[in-house]
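Visitor: So here's target_1.cif (mmCIF, C-alpha atoms and all ligand atoms).
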```cif
data_protein
#
loop_
_atom_site.label_atom_id
_atom_site.label_comp_id
_atom_site.auth_asym_id
_atom_site.auth_seq_id
_atom_site.Cartn_x
_atom_site.Cartn_y
_atom_site.Cartn_z
CA MET W 1 7.64 -10.50 11.19
CA GLY W 2 9.78 -7.54 12.13
CA ASN W 3 11.19 -4.62 10.30
CA ILE W 4 11.48 -3.91 6.61
CA LEU W 5 14.97 -3.32 5.33
CA VAL W 6 15.51 -2.05 1.79
CA GLU W 7 19.09 -1.78 0.55
CA HIS W 8 20.46 -0.53 -2.76
CA LEU W 9 17.17 -1.26 -4.47
CA CYS W 10 17.19 -0.47 -8.20
CA LYS W 11 14.58 -0.92 -10.90
CA ILE W 12 15.48 -0.33 -14.50
CA TYR W 13 12.79 -0.72 -17.15
CA ASN W 14 13.97 -1.73 -20.63
CA PRO W 15 17.64 -2.03 -19.58
CA GLY W 16 20.18 -1.35 -22.31
CA GLN W 17 17.56 -0.04 -24.72
CA GLU W 18 17.14 3.53 -25.82
CA ASN W 19 13.91 3.80 -23.81
CA GLU W 20 15.66 2.67 -20.60
CA VAL W 21 14.10 4.15 -17.43
CA ARG W 22 15.88 4.12 -14.07
CA ALA W 23 12.67 4.11 -11.99
CA LEU W 24 14.42 3.31 -8.68
CA ASP W 25 18.03 4.29 -8.24
CA ASP W 26 19.77 2.98 -5.11
CA VAL W 27 16.89 3.23 -2.65
CA ASN W 28 17.71 2.53 1.02
CA PHE W 29 15.48 2.66 4.12
CA THR W 30 14.48 0.70 7.22
CA LEU W 31 10.89 0.70 8.50
CA ASN W 32 9.74 -0.24 11.98
CA GLU W 33 6.90 -2.65 12.61
CA GLY W 34 3.56 -0.92 13.23
CA GLU W 35 4.68 2.41 11.77
CA PHE W 36 2.42 4.59 9.60
CA VAL W 37 4.75 5.46 6.74
CA VAL W 38 4.06 7.91 3.92
CA ILE W 39 6.09 7.90 0.71
CA LEU W 40 5.67 11.29 -0.94
CA GLY W 41 6.74 12.24 -4.41
CA PRO W 42 5.56 13.79 -7.68
CA SER W 43 4.13 11.78 -10.54
CA GLY W 44 6.83 9.65 -12.14
CA ALA W 45 9.04 9.61 -9.02
CA GLY W 46 8.89 5.81 -8.81
CA LYS W 47 6.31 5.45 -6.02
CA SER W 48 4.17 2.76 -7.66
CA THR W 49 7.26 0.91 -8.84
CA LEU W 50 8.52 0.83 -5.26
CA LEU W 51 5.17 -0.27 -3.84
CA ASN W 52 4.78 -3.00 -6.45
CA ILE W 53 8.19 -4.41 -5.53
CA LEU W 54 7.37 -4.19 -1.80
CA GLY W 55 4.13 -6.05 -2.56
CA GLY W 56 5.81 -8.84 -4.51
CA MET W 57 4.08 -7.82 -7.73
CA ASP W 58 7.27 -6.88 -9.54
CA ASN W 59 10.94 -7.80 -9.34
CA ALA W 60 13.75 -5.43 -8.49
CA SER W 61 16.64 -5.20 -10.96
CA SER W 62 19.12 -5.32 -8.08
CA GLY W 63 19.38 -4.75 -4.35
CA SER W 64 17.71 -6.42 -1.41
CA TYR W 65 14.35 -6.20 0.33
CA MET W 66 14.38 -7.98 3.67
CA VAL W 67 11.19 -8.78 5.59
CA GLY W 68 11.33 -10.98 8.67
CA GLY W 69 14.91 -11.98 7.84
CA LYS W 70 14.06 -13.15 4.31
CA ASP W 71 15.18 -11.44 1.12
CA VAL W 72 12.03 -11.03 -0.95
CA ALA W 73 14.12 -9.66 -3.84
CA LYS W 74 15.55 -13.17 -4.24
CA PHE W 75 12.20 -14.96 -4.11
CA LYS W 76 11.21 -17.20 -7.01
CA GLU W 77 7.68 -17.12 -8.43
CA ARG W 78 6.26 -19.67 -6.00
CA GLU W 79 7.59 -17.85 -2.92
CA LEU W 80 6.37 -14.53 -4.31
CA THR W 81 2.88 -15.95 -4.77
CA SER W 82 2.79 -17.14 -1.18
CA PHE W 83 4.18 -13.77 -0.01
CA ARG W 84 1.44 -11.88 -1.91
CA ARG W 85 -1.27 -14.14 -0.52
CA LYS W 86 -0.24 -14.23 3.12
CA ASP W 87 1.93 -11.31 3.99
CA ILE W 88 0.72 -8.35 1.97
CA GLY W 89 -2.52 -6.38 1.84
CA PHE W 90 -2.81 -3.99 -1.08
CA VAL W 91 -5.15 -1.01 -1.49
CA PHE W 92 -5.35 0.66 -4.91
CA GLN W 93 -6.50 4.09 -6.03
CA PHE W 94 -9.43 2.70 -8.04
CA TYR W 95 -10.51 0.01 -5.52
CA ASN W 96 -10.36 -2.87 -8.05
CA LEU W 97 -13.33 -4.74 -6.59
CA ILE W 98 -14.89 -7.59 -8.55
CA PRO W 99 -18.14 -6.07 -9.87
CA ASN W 100 -20.35 -9.18 -9.82
CA LEU W 101 -19.46 -10.13 -6.24
CA THR W 102 -21.04 -8.41 -3.24
CA ALA W 103 -18.90 -6.44 -0.82
CA ILE W 104 -18.52 -9.32 1.60
CA GLU W 105 -17.96 -11.82 -1.22
CA ASN W 106 -15.03 -9.67 -2.38
CA VAL W 107 -13.67 -9.89 1.17
CA HIS W 108 -14.28 -13.66 1.42
CA LEU W 109 -12.35 -14.18 -1.79
CA ALA W 110 -9.23 -12.58 -0.30
CA ALA W 111 -9.70 -14.47 2.97
CA ALA W 112 -9.80 -17.74 1.04
CA VAL W 113 -6.23 -17.37 -0.25
CA ALA W 114 -4.78 -16.26 3.09
CA ASP W 115 -3.20 -18.49 5.73
CA GLN W 116 -4.85 -17.18 8.88
CA PRO W 117 -7.60 -14.81 7.78
CA LEU W 118 -9.68 -12.72 10.13
CA ASN W 119 -13.48 -13.03 10.25
CA ALA W 120 -14.90 -11.20 7.22
CA ALA W 121 -18.03 -9.92 8.99
CA ASP W 122 -15.91 -8.55 11.87
CA VAL W 123 -13.64 -6.75 9.43
CA MET W 124 -16.61 -5.29 7.51
CA ASP W 125 -17.86 -4.04 10.87
CA SER W 126 -14.52 -2.46 11.73
CA VAL W 127 -14.48 -0.51 8.44
CA GLY W 128 -18.04 0.67 9.17
CA LEU W 129 -19.82 -1.37 6.50
CA SER W 130 -21.79 -3.94 8.46
CA LYS W 131 -25.04 -2.70 6.86
CA ARG W 132 -23.68 -2.80 3.29
CA VAL W 133 -22.18 -6.27 3.12
CA HIS W 134 -24.66 -7.61 0.53
CA ASN W 135 -24.39 -4.66 -1.85
CA PHE W 136 -22.55 -4.92 -5.13
CA PRO W 137 -19.72 -2.42 -5.76
CA SER W 138 -21.89 -0.41 -8.18
CA GLN W 139 -24.38 0.11 -5.35
CA LEU W 140 -21.72 1.61 -3.09
CA SER W 141 -20.26 5.14 -3.00
CA GLY W 142 -16.57 5.63 -3.80
CA GLY W 143 -15.75 5.88 -0.10
CA GLU W 144 -17.69 2.68 0.64
CA GLN W 145 -15.96 0.88 -2.22
CA GLN W 146 -12.59 1.91 -0.81
CA ARG W 147 -13.65 0.73 2.67
CA THR W 148 -14.54 -2.61 1.10
CA ALA W 149 -11.14 -2.73 -0.61
CA ILE W 150 -9.46 -1.95 2.72
CA ALA W 151 -11.49 -4.72 4.40
CA ARG W 152 -10.37 -7.08 1.64
CA ALA W 153 -6.73 -6.17 2.36
CA ILE W 154 -7.04 -6.41 6.17
CA VAL W 155 -9.04 -9.69 6.28
CA LYS W 156 -5.92 -11.54 5.14
CA ASN W 157 -4.31 -10.42 8.38
CA PRO W 158 -1.17 -9.37 6.47
CA GLU W 159 1.98 -8.07 8.10
CA VAL W 160 2.11 -5.05 5.86
CA LEU W 161 -0.61 -2.93 4.29
CA LEU W 162 0.46 -1.15 1.09
CA CYS W 163 -1.72 1.70 -0.18
CA ASP W 164 -1.13 3.36 -3.57
CA GLU W 165 -2.84 6.79 -3.61
CA PRO W 166 -5.83 5.34 -1.70
CA THR W 167 -7.67 8.68 -1.61
CA GLY W 168 -6.75 9.72 -5.15
CA ALA W 169 -10.25 9.09 -6.53
CA LEU W 170 -12.15 10.54 -3.55
CA ASP W 171 -13.28 14.01 -2.52
CA SER W 172 -11.37 15.59 0.34
CA LYS W 173 -13.91 14.82 3.10
CA THR W 174 -14.37 11.17 2.11
CA GLY W 175 -10.61 10.91 1.60
CA ALA W 176 -9.95 12.17 5.13
CA GLU W 177 -12.35 9.51 6.48
CA ILE W 178 -10.42 6.83 4.61
CA LEU W 179 -7.13 8.16 6.03
CA SER W 180 -8.61 8.04 9.55
CA LEU W 181 -9.68 4.46 8.94
CA LEU W 182 -6.23 3.45 7.68
CA TYR W 183 -4.58 5.07 10.68
CA ARG W 184 -6.95 3.35 13.12
CA LEU W 185 -6.43 -0.05 11.46
CA CYS W 186 -2.65 0.49 11.58
CA LYS W 187 -2.90 0.92 15.36
CA ASP W 188 -5.76 -1.54 16.17
CA TYR W 189 -4.34 -4.39 14.11
CA LYS W 190 -0.69 -3.37 14.66
CA LYS W 191 0.12 -3.38 10.94
CA THR W 192 2.88 -1.53 9.22
CA VAL W 193 1.10 0.76 6.75
CA ILE W 194 3.01 2.17 3.78
CA MET W 195 0.99 4.74 1.88
CA VAL W 196 2.10 6.41 -1.31
CA THR W 197 0.85 9.87 -2.30
CA HIS W 198 1.77 12.91 -4.38
CA ASN W 199 -0.20 15.10 -1.94
CA SER W 200 1.97 16.99 0.56
CA GLN W 201 -1.05 17.74 2.80
CA ILE W 202 -1.75 14.03 3.25
CA ALA W 203 1.92 13.51 4.09
CA LEU W 204 1.41 15.57 7.28
CA MET W 205 -0.20 12.55 8.97
CA ALA W 206 2.91 10.40 8.52
CA GLU W 207 4.76 9.08 11.56
CA ARG W 208 7.56 8.51 9.14
CA LEU W 209 7.93 10.50 5.93
CA ILE W 210 10.07 9.37 3.02
CA ARG W 211 10.36 11.70 0.03
CA LEU W 212 11.05 10.10 -3.33
CA SER W 213 12.27 12.10 -6.30
CA ASP W 214 13.51 10.76 -9.65
CA GLY W 215 13.82 7.27 -8.22
CA LYS W 216 15.98 8.41 -5.30
CA ILE W 217 15.28 9.02 -1.62
CA ALA W 218 15.31 12.80 -1.19
CA SER W 219 14.65 12.72 2.57
CA ASP W 220 13.68 10.26 5.28
CA GLU W 221 12.43 11.64 8.59
CA VAL W 222 10.50 10.70 11.68
CA ASN W 223 7.68 13.23 12.08
CA PRO W 224 7.64 14.38 15.73
CA SER W 225 4.06 15.69 15.47
CA PRO W 226 1.89 13.89 12.90
CA LEU W 227 -1.44 15.56 12.17
CA LYS W 228 -4.65 13.68 12.90
CA PRO W 229 -6.10 12.53 9.56
CA GLU W 230 -9.38 14.29 10.39
CA ASP W 231 -7.49 17.60 10.61
CA ILE W 232 -6.14 17.31 7.09
CA THR W 233 -7.80 19.08 4.18
CA TRP W 234 -6.80 19.42 0.56
N1 LIG W 301 6.23 -1.00 -17.00
C1 LIG W 301 6.98 0.09 -17.25
N2 LIG W 301 7.78 0.14 -18.33
C2 LIG W 301 8.56 1.22 -18.58
N3 LIG W 301 8.60 2.31 -17.80
C3 LIG W 301 7.82 2.33 -16.70
C4 LIG W 301 6.96 1.23 -16.37
N4 LIG W 301 6.30 1.52 -15.23
C5 LIG W 301 6.73 2.75 -14.86
N5 LIG W 301 7.64 3.24 -15.74
C6 LIG W 301 8.36 4.52 -15.64
O1 LIG W 301 9.05 4.54 -14.41
C7 LIG W 301 8.98 5.83 -13.81
C8 LIG W 301 8.32 5.72 -12.45
O2 LIG W 301 6.96 5.38 -12.62
P1 LIG W 301 5.97 5.12 -11.40
O3 LIG W 301 6.61 4.17 -10.45
O4 LIG W 301 4.66 4.74 -11.95
O5 LIG W 301 5.91 6.57 -10.71
P2 LIG W 301 4.82 7.22 -9.74
O6 LIG W 301 3.96 6.12 -9.17
O7 LIG W 301 5.63 7.93 -8.70
O8 LIG W 301 4.03 8.19 -10.56
C9 LIG W 301 8.21 6.70 -14.80
O9 LIG W 301 9.16 7.37 -15.60
C10 LIG W 301 7.42 5.70 -15.60
O10 LIG W 301 7.14 6.19 -16.89
MG MG W 302 1.90 5.84 -9.16
#
```
Mind turning the file's structure into structure tokens?
Guide:
Amino acid sequence: MGNILVEHLCKIYNPGQENEVRALDDVNFTLNEGEFVVILGPSGAGKSTLLNILGGMDNASSGSYMVGGKDVAKFKERELTSFRRKDIGFVFQFYNLIPNLTAIENVHLAAAVADQPLNAADVMDSVGLSKRVHNFPSQLSGGEQQRTAIARAIVKNPEVLLCDEPTGALDSKTGAEILSLLYRLCKDYKKTVIMVTHNSQIALMAERLIRLSDGKIASDEVNPSPLKPEDITW
């Protein structure tokens, strides 16, 4: 599918009104396939707005977002739906599992809308949950729920895995385990992972670090010596 190219991306909420917010203001970057990318910025910087646009869940106001030679920013609803189903895996801060489906049923549900899904049991195994597949979310710890949510994202075999503060609801030790898992999946499955965080310690594991501030790119660097996720504490 290739690289991700974002050019002059802008998002304005409530344009022309007195409560207008310029959430993304001329954002430009290029990401390489298979890279572990961290987008770091304080609350309100525009991180979730950016991730939602990258995931096809929201429209940009202007600019382009090229993936595999196609401009997602120009997609109509039908193409966006297909893009969300096939090409994007999304991991949220609060897991967002369906409470009355078991762990593996949550994963099956995502597999059912994908084009070429992976085997759900294999993916549950690779996130370390082969013994918990028949538990409901309420019977799982926070870390296990997030592993299930990651399995649900990966089973679709998406090109890109987008993670919005995936450790934000977890304690530091469990969070570090989730970061290790995301890093391993990035490499094992050769996925581009884009993870958003406000935590500068977590950002130390980035292969590529993009700082976002007030809707603008403040810096964009390749990290010559990323920390191992297991060596990060916060
Ligand atoms: N749906 C919306 N309508 C209006 N303003 C919004 C909306 N979503 C986000 N914003 C504003 O856009 C800015 C960026 O928000 P967000 O992308 O959520 O930042 P972050 O994820 O970095 O905390 C904030 O000022 C926020 O209040
Ligand atoms: Mg956010």
Visitor: Could you put an axis-aligned box around every listed atom of ligand LIG 301 (chain W), padded by 6 Å on each side, and send me its centre and edge lengths in Å to one decimal, as AutoDock Vina command-line options?
Guide:
```
--center_x 6.6 --center_y 3.6 --center_z -13.6 --size_x 17.2 --size_y 21.2 --size_z 21.9
```
Visitor: For CA of Arg152 in chain W and CA of Thr49 in chain W, quote the distance in Å rounded to one decimal.
Guide: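 Calculated distance between CA of Arg152 in chain W and CA of Thr49 in chain W is 22.0 Å.
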Visitor: Calculated over all atoms listed in the file, which of the candidates W:Leu212, W:Leu204, W:Leu227, W:Ile4 has the smallest distance to Pro42 in chain W?
Guide: W:Leu212
Visitor: Check every protein, DNA and RNA residue against ligand MG 302 (chain W), keep those with an atom at most 12 Å away (counting all atoms listed in the file), and present them as a VMD selection string.
Guide: chain W and resid 23 39 to 52 92 to 94 163 to 166 168 195 to 199 212
Visitor: Please measure the separation of atom C4 of ligand LIG 301 (chain W) and CA of Val27 in chain W, giving the value in Å to one decimal.
Guide: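 Straight-line distance from atom C4 of ligand LIG 301 (chain W) to CA of Val27 in chain W works out to 17.1 Å.
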Visitor: State, in Å with one decimal place, the distance from CA of Ala149 in chain W to CA of Asn59 in chain W.
Guide: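 Computing it gives 24.3 Å between the two atoms.
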Visitor: From the list W:Asn19, W:Asn3, W:Ser82, W:Thr148, which residue is nearest ligand LIG 301 (chain W) when using only C-alpha atoms and all ligand atoms?
Guide: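 Distance minimum relative to ligand LIG 301 (chain W) lands on W:Asn19.
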